[in-house]
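Single-structure report; data block below.
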Amino acid sequence: MSPTRPISLTRFLIEEQRAHQHINADLRLLIEVVARACKSISIAVAKGDLGGVLGEAGSGNVQGEAQQKLDVLSNEILLEANAWGGHLAGCASEEMDDPQPIPDVYPKGNYLLLFDPLDGSSNIDVNISVGTIFSVLRCPDGVTEPKAEHFCQPGSTQVAAGYAVYGPSTLLVLTLGHGTHVFTLDRELGSFVLTRRDVRIPAQTREFAINMSNQRHWEAPMQRYIDELLAGKSGPRGKDFNMRWVASMVADVHRILTRGGIFIYPWDRKDASKPGKLRLMYEANPMAFIVEQAGGKATTGRGRILDVQPTALHQRVPVFLGSADEVDVATAYHRDHD
Ligand code: AHG
């Protein structure tokens, strides 16, 4: 067989299973099932208006946000795909108040799956990249009907995490704890093909991603950090910085995975009751795992995201992630301030 033959996701997973003891057939099946669901979501997203899937669904989620039709559809696709394989003990979704048990007619497995079925949903109607983010945990021993408390495990216990980005190409980015790898959907073959193995985020960068419209609501260390970047060559870094903000975390994180950068969604006074905008279990933890496996860093501004002990399924956290040197500086400024 030619050594340059493309490596499919299926072959990649089989080879990872052979190389690493903790990867078993159930975990392999789980990833394949999530990837298949992402293909279905990708098809629905690409149809857009032709599929009648744009616009609001007329419902709200547990976060109090208006759900888009594609949020609801993507959630259903992921739930249905993962119900019958026997690999899961339960699912939790950003779009549902409570965890979803596996129906009694199907066998149950040892994994818990958490997902944000369609991240960046404000971008759906304007044809800008959106994505799916997922995280895989082990179900605690002896638990057959997992409740919220069983999902509330620190991100450091994740056994896998990934995201799909529905952009000009559909990509699947995956970590099983041995590097971060990128697969591109070959639409003719209908399968994900490994296109970048073991991506590395450069430690230094000249690019940052933040919603600058919230600047007046930030804490002093955030103001200090961004002021320095905006000072460019005459600031302490002695270099100019560029800014990018897609408002789809998947797209912003994917850019950082590709060419470096720092992504920040800090706490702000606009809604001081919330500890941040992004959700720990569905966004921050899986992205932190992916970024760390690519040599980057991910903190809350005070500590490592993966060390946060969750207290609620839908809790929010501030997020600082990407190129290690910049995450270190931003985190040090917050710690110095306390
Ligand atoms: P949602 O999926 O509810 O649209 O949230 C998107 C998230 C994340 O993907 C993105 O980085 C951030 O919210 C954008 O926030 P702003 O609207 O403040 O720009």
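By order of appearance in the structure tokens: chains A, B, ..., then residues from 1 within every chain, and ligands from 1 in the order shown.
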
task = Just the residues within 9 Å of Val253 (chain A), please, counting only C-alpha atoms, with nothing from its chain fewer than 6 positions along; format it as a PyMOL selection string.
result = chain A and resi 261-263+287+291+321-322

Note to self: For ligand 1, return the neighbouring residues as a PyMOL selection string (distance at most 6 Å; only C-alpha atoms and all ligand atoms).
What the structure shows: chain A and resi 119-122+211+247-249

9 Å contact set for Leu73 (chain A), only C-alpha atoms, chain neighbours under 5 positions out, as an MDAnalysis selection string:
chainID A and resid 41 44 53 68 78 117

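Using only C-alpha atoms, the contacts of region 203-209 of chain A at a cut-off of 8 Å, with sequence neighbours closer than 6 positions omitted, comprise A:Lys239, A:Asp240, A:Phe241, A:Asn242, A:Met243, A:Arg244, A:Trp245, A:Asp252, A:Gly260, A:Gly261, A:Ile262, A:Phe263, A:Ile264, A:Gly295, A:Gly296, A:Ser323, A:Ala324, A:Asp325, A:Glu326.
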
Save out the residues we just selected, C-alpha atoms, as a PDB file, in the first residue's frame.
```pdb
ATOM      1  CA  LYS A 239       5.502  44.751  17.889  1.00  0.00           C
ATOM      2  CA  ASP A 240       2.173  45.559  16.261  1.00  0.00           C
ATOM      3  CA  PHE A 241      -0.815  43.296  16.895  1.00  0.00           C
ATOM      4  CA  ASN A 242      -3.706  42.466  14.583  1.00  0.00           C
ATOM      5  CA  MET A 243      -7.266  41.770  15.797  1.00  0.00           C
ATOM      6  CA  ARG A 244      -9.771  39.165  14.519  1.00  0.00           C
ATOM      7  CA  TRP A 245     -13.184  38.270  15.985  1.00  0.00           C
ATOM      8  CA  ASP A 252     -11.625  31.776  16.269  1.00  0.00           C
ATOM      9  CA  GLY A 260      -1.350  31.204  16.643  1.00  0.00           C
ATOM     10  CA  GLY A 261      -3.059  33.988  18.582  1.00  0.00           C
ATOM     11  CA  ILE A 262      -4.830  34.588  21.873  1.00  0.00           C
ATOM     12  CA  PHE A 263      -8.609  34.247  22.309  1.00  0.00           C
ATOM     13  CA  ILE A 264     -10.177  35.966  25.310  1.00  0.00           C
ATOM     14  CA  GLY A 295       1.166  23.119  22.980  1.00  0.00           C
ATOM     15  CA  GLY A 296      -0.938  26.168  23.857  1.00  0.00           C
ATOM     16  CA  SER A 323      -0.299  31.082  22.287  1.00  0.00           C
ATOM     17  CA  ALA A 324       1.412  30.228  25.586  1.00  0.00           C
ATOM     18  CA  ASP A 325       3.478  33.397  26.097  1.00  0.00           C
ATOM     19  CA  GLU A 326       0.481  35.732  25.747  1.00  0.00           C
TER      20      GLU A 326
END
```

Could you make a table, as a Markdown table, of the residues of region 159-245 of chain A that have an atom within 10 Å of an atom of region 129-137 of chain A, each with its nearest atom pair and distance in Å to one decimal, counting only C-alpha atoms, in chain and number order?
```
| residue | atom | partner | partner_atom | distance |
| --- | --- | --- | --- | --- |
| A:Val159 | CA | A:Val136 | CA | 5.7 |
| A:Ala160 | CA | A:Val136 | CA | 5.1 |
| A:Ala161 | CA | A:Ser135 | CA | 4.3 |
| A:Gly162 | CA | A:Phe134 | CA | 5.4 |
| A:Tyr163 | CA | A:Ile133 | CA | 4.2 |
| A:Ala164 | CA | A:Thr132 | CA | 5.1 |
| A:Val165 | CA | A:Gly131 | CA | 4.3 |
| A:Tyr166 | CA | A:Gly131 | CA | 5.5 |
| A:Gly167 | CA | A:Ser129 | CA | 4.6 |
| A:Pro168 | CA | A:Ser129 | CA | 7.9 |
| A:Ser169 | CA | A:Ser129 | CA | 9.6 |
| A:Thr170 | CA | A:Gly131 | CA | 9.0 |
| A:Leu171 | CA | A:Gly131 | CA | 9.2 |
| A:Leu172 | CA | A:Thr132 | CA | 9.2 |
| A:Val173 | CA | A:Ile133 | CA | 9.5 |
| A:Leu174 | CA | A:Phe134 | CA | 9.5 |
| A:Thr175 | CA | A:Ser135 | CA | 9.8 |
| A:Leu176 | CA | A:Val136 | CA | 9.4 |
```

Selection to disk with C-alpha atoms, as a PDB file, in the first residue's frame:
```
ATOM      1  CA  VAL A 159     -10.740  11.251  27.593  1.00  0.00           C
ATOM      2  CA  ALA A 160     -11.440  12.991  24.283  1.00  0.00           C
ATOM      3  CA  ALA A 161     -12.587  16.341  22.952  1.00  0.00           C
ATOM      4  CA  GLY A 162     -13.117  17.850  19.555  1.00  0.00           C
ATOM      5  CA  TYR A 163     -14.951  20.258  17.362  1.00  0.00           C
ATOM      6  CA  ALA A 164     -16.295  20.357  13.835  1.00  0.00           C
ATOM      7  CA  VAL A 165     -16.180  23.641  11.957  1.00  0.00           C
ATOM      8  CA  TYR A 166     -18.673  24.131   9.139  1.00  0.00           C
ATOM      9  CA  GLY A 167     -16.806  26.637   6.956  1.00  0.00           C
ATOM     10  CA  PRO A 168     -15.586  26.637   3.349  1.00  0.00           C
ATOM     11  CA  SER A 169     -14.458  23.084   4.236  1.00  0.00           C
ATOM     12  CA  THR A 170     -15.937  20.957   6.990  1.00  0.00           C
ATOM     13  CA  LEU A 171     -13.172  20.063   9.447  1.00  0.00           C
ATOM     14  CA  LEU A 172     -13.051  17.791  12.464  1.00  0.00           C
ATOM     15  CA  VAL A 173     -10.419  18.584  15.098  1.00  0.00           C
ATOM     16  CA  LEU A 174      -9.798  15.851  17.637  1.00  0.00           C
ATOM     17  CA  THR A 175      -7.704  15.014  20.656  1.00  0.00           C
ATOM     18  CA  LEU A 176      -7.625  11.715  22.510  1.00  0.00           C
TER      19      LEU A 176
END
```

Original post:
Taking the backbone alone, and naming residues the way the document does, which bits of region 20-246 of chain A are alpha helix (DSSP H) by DSSP, as JSON, numbers by chain?
Top reply: {"A": [25, 26, 27, 28, 29, 30, 31, 32, 33, 34, 35, 36, 37, 38, 39, 40, 41, 42, 43, 44, 45, 46, 47, 69, 70, 71, 72, 73, 74, 75, 76, 77, 78, 79, 80, 81, 82, 83, 148, 149, 150, 151, 220, 221, 222, 223, 224, 225, 226, 227, 228, 229, 230]}

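As for CA of Thr184 (chain A) and CA of Ala89 (chain A), they are spaced 29.0 Å apart.
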
Tell me, which residues of region 254-307 of chain A carry DSSP strand (DSSP E or B), written as a PyMOL selection string? chain A and resi 262-265+278-279+297-299+304

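By only C-alpha atoms, and with residues fewer than 3 positions from Lys270 (chain A) along its chain excluded, the set lying at most 9 Å from it is Asn214, Arg216, His217, Trp218, Trp267 and Ser273 of chain A.
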
Min atom-atom distance to Met222 (chain A) from the set A:Arg259, A:His334, A:Arg237, A:Lys47, counting only C-alpha atoms, belongs to A:His334
